[in-house]
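Engineer: Before I ask anything, let me first share the structure, which is written out below as structure tokens.
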Amino acid sequence: MCGICGIVNQDPQRPVDLEVLKAMNTTMYHRGPDDDGMFVDKGVGLAMRRLAIIDVAGGHQPVHNEQQTVWTVFNGEIYNYRELNIRLEAQGHQFYTHTDTETIVHAYEQWGEGCVDHFNGMYGFAIWDSVNRKLLLARDRMGIKPLYYALNNGTLVFGSELRAVLAHPVVARRLNLHALAEYLACEYVPSPLSIIEGVHKLPPGHILVFDAAGLRVRPYWELSLASSEEPSVRTEEEYAEELRERLRESVRMELMSDVPLGVFLSGGIDSSSLAAMMAQLTPGQVQSFSVRFEDQSFDESSYARQVAQHLGIQHRETTLEPRLMLELVPKLPDILDEPMGDSSLIPTYLLCQFARQHVTVALGGDGGDELLAGYDMMPGHRLMNNYQRFVPQPVRRLAASTVVKRLPVSMNNLTFDFKAKRFVDGDGVSPEIRHQRWLGSFTPEQIGQLLTKDVRSVLGSADPYETVRYHWSMSNAQDMLNKVLYLDTKMYLEGTILTKLDRASMAVSLEARVPLLNSTFVEFATRVPMKYKLKGLTTKYLFRKAMQPLLPANILARKKKGFNMPVAKWLNKELRPLVTDVFSESRLRQRGIFEPAYVTRLVKEHQSGRKDNRKLLWTLLAFELWAERNLHSGSRI
């Protein structure tokens, strides 16, 4: 696992500034404290920081081919590299290391840009072809590993993190207001946008080519759920058996490591299933890690302990105390290089920090909800269809305006009032917008009240749901719920779940792997009919059935709790001084982005208990902390 960066000038006579390249690389020291490396040629410079996982002694990067005409820097893992190496050696390629990084070089020699079609892994890599003076950037299919880039006046700058790209003087720190609007709606900045004007994320499943002809970005893989809608004669039991086998194979592939390895264990079905497979594949060797909350409405630690005892694995847990949270919140900009309004970054970081004391690699259960219909919004969409069908619109309008609004406000985790208010907020809009309103933060109406007149005038009629509408239109599925899964995979999974995991783990030099997003499992999950994913109102039905032989019944029957923290309560208590400072009128007016009166109203409503504004306030807090660190002092827009 590494951090990579580079500079490529279209004009080969324009030299790369070595000090700038070193500065870019230094910003990512946390991603690879074990080693660093650079390659510099006419008009090009590649650099990397390395966290040694495979071929610890011999895997120094950059890596090259036999003639030293093809060079690569690589962040991630290629899980099928041994099988590929056998094929490549049969074609005459000679290897000088035992690392998967060299596989990329020879695969490019053999298959050109099509090399990405052969990789099963998580990655962001750069290949420099000196003969053709061509740079190839690639990102894995699901977006597990990040990659940013910017092109300015014939110079392409790229890096695993935004901070590396911003270290180059050609990239100005101008706020992307369109990205800000989408951030406020989604709680993250969806690809290909970034929060900085002129800087882009390479989308998952895409490659970028930069040469004398210019810059081209194209997809090499696309998620398709159409096959799950085709007639199938396979039984429920057959699908369940294949799910177990695919999961076992995915875990087996991702256990490859020359350093200690463990698993994040929450006691939910995803992480428990990974732990069960690990216990089968490496009996007596599994280490698991979890976070305990003092607030019982958020705590899942008892379930994690039960699963660990059931499987006979070594389990450790740490407690997220308010004191630790108070220390971590101001450090959010150090962990994230883009704002993110997902408060679960805090416990995720703490969990990674705790696990890193014992292992260098940890497996996590991310991806199962998006592939196998695990979120509560899935049955919510079915309920909404019946709600709209059988309840007259005047009654629905009355329920939204009076009954639901009068429900007592609770600051606990996923309470009835929170769900009910979200549910009625999705009435009267299209399915994709309803889904985003349920999942996200600010609505367009609220964004209009939040942003200052100056910002609104620049944005004009910009749609904060533009990326949502785009991905909805791109899905080749016909079933509405399949289109929701596609949307979640393209947006929420990549934009929040995987970004959070990458930044939290890399901040403490821990490699996090996600077997449920391994190509072999994804290929299977996309073929499973929706009737087996969501049966009635039972989420992740097939997954629960498949794991019956391996996990306790109460674990399989559990409802999803989510890896949340008591942010609603902490905003009123432990974080109250920080909230007062960050949202002060003078500070907001100096920035010139948010209307102080509107923000003050949100704070007062929350602190008085009249409304639960936790999502709105945390989304704003995360942005303001990021802006204070990353935008020029006193800058407005």
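Residue numbers start at 1 in each chain; chains themselves are named A, B, ... in the order of the structure tokens; ligands are numbered from 1 in the order shown.
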Write out as a tab-separated table (two decimals) with N, CA and C atoms, in the first residue's frame which residues come within 9 Å of Tyr349 (chain A) when counting only C-alpha atoms, dropping same-chain ones fewer than 2 positions away.
Structural biologist:
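Everything below was put into selection16.tsv:
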chain	number	residue	atom	x	y	z
A	328	LEU	N	-9.97	14.32	18.40
A	328	LEU	CA	-9.94	13.95	16.99
A	328	LEU	C	-10.65	14.94	16.07
A	335	ILE	N	-6.81	14.18	8.54
A	335	ILE	CA	-7.19	12.85	8.08
A	335	ILE	C	-7.77	12.92	6.67
A	344	SER	N	-18.99	9.06	11.09
A	344	SER	CA	-18.41	7.76	11.42
A	344	SER	C	-16.94	7.68	11.05
A	345	LEU	N	-16.41	8.71	10.40
A	345	LEU	CA	-14.97	8.76	10.18
A	345	LEU	C	-14.23	8.70	11.52
A	346	ILE	N	-14.79	9.30	12.56
A	346	ILE	CA	-14.12	9.34	13.86
A	346	ILE	C	-13.92	7.93	14.43
A	347	PRO	N	-14.98	7.12	14.62
A	347	PRO	CA	-14.75	5.76	15.12
A	347	PRO	C	-13.96	4.90	14.15
A	351	LEU	N	-10.66	2.98	15.24
A	351	LEU	CA	-10.54	1.54	15.03
A	351	LEU	C	-9.27	1.20	14.27
A	352	CYS	N	-8.98	1.95	13.22
A	352	CYS	CA	-7.77	1.72	12.44
A	352	CYS	C	-6.52	1.95	13.28
A	353	GLN	N	-6.54	3.01	14.06
A	353	GLN	CA	-5.41	3.33	14.93
A	353	GLN	C	-5.17	2.21	15.94
A	354	PHE	N	-6.26	1.68	16.48
A	354	PHE	CA	-6.17	0.60	17.46
A	354	PHE	C	-5.65	-0.69	16.80
A	500	LYS	N	-13.71	7.18	3.23
A	500	LYS	CA	-13.53	7.18	4.69
A	500	LYS	C	-12.56	6.08	5.11
A	501	LEU	N	-12.74	4.89	4.57
A	501	LEU	CA	-11.87	3.77	4.94
A	501	LEU	C	-10.45	4.01	4.49
A	503	ARG	N	-8.86	6.94	3.87
A	503	ARG	CA	-8.18	8.02	4.60
A	503	ARG	C	-7.92	7.64	6.05
A	504	ALA	N	-8.90	7.01	6.70
A	504	ALA	CA	-8.72	6.64	8.11
A	504	ALA	C	-7.62	5.61	8.27
A	505	SER	N	-7.58	4.62	7.39
A	505	SER	CA	-6.56	3.57	7.50
A	505	SER	C	-5.19	4.09	7.10
A	507	ALA	N	-4.11	7.10	7.22
A	507	ALA	CA	-3.62	8.11	8.16
A	507	ALA	C	-2.76	7.47	9.25
A	508	VAL	N	-2.99	6.18	9.52
A	508	VAL	CA	-2.21	5.47	10.54
A	508	VAL	C	-1.36	4.37	9.91
Engineer: What's the 7 Å shell around Leu542 (chain A), counting only C-alpha atoms, without same-chain residues fewer than 5 positions away, as a PyMOL selection string?
Structural biologist: chain A and resi 240+532-533
Engineer: Output C-alpha atoms for every residue in the selection just made, as a compact mmCIF listing (two decimals), in the first residue's frame.
Structural biologist:
# COMPACT_ATOMS: atom_id res chain seq x y z
CA ALA A 240 -26.80 -19.20 -1.30
CA TYR A 532 -33.26 -12.86 -3.19
CA LYS A 533 -31.55 -9.65 -2.07
Engineer: Identify, with DSSP run on backbone atoms, the residues in region 215-289 of chain A assigned to alpha helix (DSSP H), and express the list as an NGL selection string.
Structural biologist: :A and (236-254 or 269-281)
Engineer: Output C-alpha atoms for every residue in the selection just made, as a JSON list (two decimals), in the first residue's frame.
Structural biologist:
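This went into result_20.json:
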[["chain", "number", "residue", "atom", "x", "y", "z"],
["A", 236, "GLU", "CA", -32.51, -19.87, -3.65],
["A", 237, "GLU", "CA", -30.34, -22.63, -2.17],
["A", 238, "GLU", "CA", -28.07, -22.68, -5.22],
["A", 239, "TYR", "CA", -27.52, -18.94, -5.03],
["A", 240, "ALA", "CA", -26.80, -19.20, -1.30],
["A", 241, "GLU", "CA", -24.23, -21.94, -1.84],
["A", 242, "GLU", "CA", -22.48, -19.95, -4.56],
["A", 243, "LEU", "CA", -22.45, -16.86, -2.35],
["A", 244, "ARG", "CA", -20.55, -18.79, 0.34],
["A", 245, "GLU", "CA", -18.06, -20.13, -2.18],
["A", 246, "ARG", "CA", -17.50, -16.76, -3.84],
["A", 247, "LEU", "CA", -17.01, -15.08, -0.48],
["A", 248, "ARG", "CA", -14.59, -17.78, 0.67],
["A", 249, "GLU", "CA", -12.57, -17.38, -2.53],
["A", 250, "SER", "CA", -12.53, -13.58, -2.24],
["A", 251, "VAL", "CA", -11.31, -13.76, 1.36],
["A", 252, "ARG", "CA", -8.70, -16.38, 0.44],
["A", 253, "MET", "CA", -7.30, -14.10, -2.28],
["A", 254, "GLU", "CA", -7.20, -11.08, 0.02],
["A", 269, "ILE", "CA", -23.49, -9.80, 9.06],
["A", 270, "ASP", "CA", -20.81, -8.42, 6.69],
["A", 271, "SER", "CA", -17.87, -8.32, 9.08],
["A", 272, "SER", "CA", -19.01, -11.48, 10.88],
["A", 273, "SER", "CA", -19.10, -13.36, 7.56],
["A", 274, "LEU", "CA", -15.56, -12.26, 6.75],
["A", 275, "ALA", "CA", -14.39, -13.37, 10.18],
["A", 276, "ALA", "CA", -16.11, -16.75, 9.69],
["A", 277, "MET", "CA", -14.33, -17.32, 6.37],
["A", 278, "MET", "CA", -11.00, -16.26, 7.85],
["A", 279, "ALA", "CA", -11.50, -18.67, 10.74],
["A", 280, "GLN", "CA", -12.03, -21.48, 8.22],
["A", 281, "LEU", "CA", -9.07, -20.54, 6.04]]
Engineer: Counting only C-alpha atoms, what is within 7 Å of region 605-609 of chain A, bar same-chain residues fewer than 3 positions away, as a list in words?
Structural biologist: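 In the requested format, the answer is Val409, Asn572, Arg601, Leu602, Asp612 and Asn613 of chain A.
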Engineer: Store the residues of this selection in a file with N, CA and C atoms, as a PDB file, in the first residue's frame.
Structural biologist:
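File again00.pdb, as written:
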ATOM      1  N   VAL A 409     -38.468  14.775  19.592  1.00  0.00           N
ATOM      2  CA  VAL A 409     -37.123  14.705  19.022  1.00  0.00           C
ATOM      3  C   VAL A 409     -36.228  13.880  19.944  1.00  0.00           C
ATOM      4  N   ASN A 572     -24.284  19.177  21.392  1.00  0.00           N
ATOM      5  CA  ASN A 572     -24.903  19.982  22.449  1.00  0.00           C
ATOM      6  C   ASN A 572     -24.077  20.027  23.728  1.00  0.00           C
ATOM      7  N   ARG A 601     -29.601  29.706  13.324  1.00  0.00           N
ATOM      8  CA  ARG A 601     -30.912  29.099  13.547  1.00  0.00           C
ATOM      9  C   ARG A 601     -30.808  27.578  13.666  1.00  0.00           C
ATOM     10  N   LEU A 602     -30.010  26.973  12.798  1.00  0.00           N
ATOM     11  CA  LEU A 602     -29.816  25.525  12.859  1.00  0.00           C
ATOM     12  C   LEU A 602     -29.229  25.106  14.205  1.00  0.00           C
ATOM     13  N   ASP A 612     -33.682  17.858  15.351  1.00  0.00           N
ATOM     14  CA  ASP A 612     -32.435  17.102  15.278  1.00  0.00           C
ATOM     15  C   ASP A 612     -31.727  17.511  13.988  1.00  0.00           C
ATOM     16  N   ASN A 613     -30.787  18.435  14.105  1.00  0.00           N
ATOM     17  CA  ASN A 613     -30.048  18.949  12.943  1.00  0.00           C
ATOM     18  C   ASN A 613     -28.641  18.375  12.868  1.00  0.00           C
TER      19      ASN A 613
END
Engineer: Find the residue from A:Gln61, A:Ser288, A:Ser160, A:Ser302 that sits nearest to Met28 (chain A); use only C-alpha atoms when measuring.
Structural biologist: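 Selected residue with least distance to Met28 (chain A): A:Ser160.
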Engineer: In Å, with one decimal, what is the gap from CA of Ile433 (chain A) to CA of Leu493 (chain A)?
Structural biologist: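 The value is 17.0 Å.
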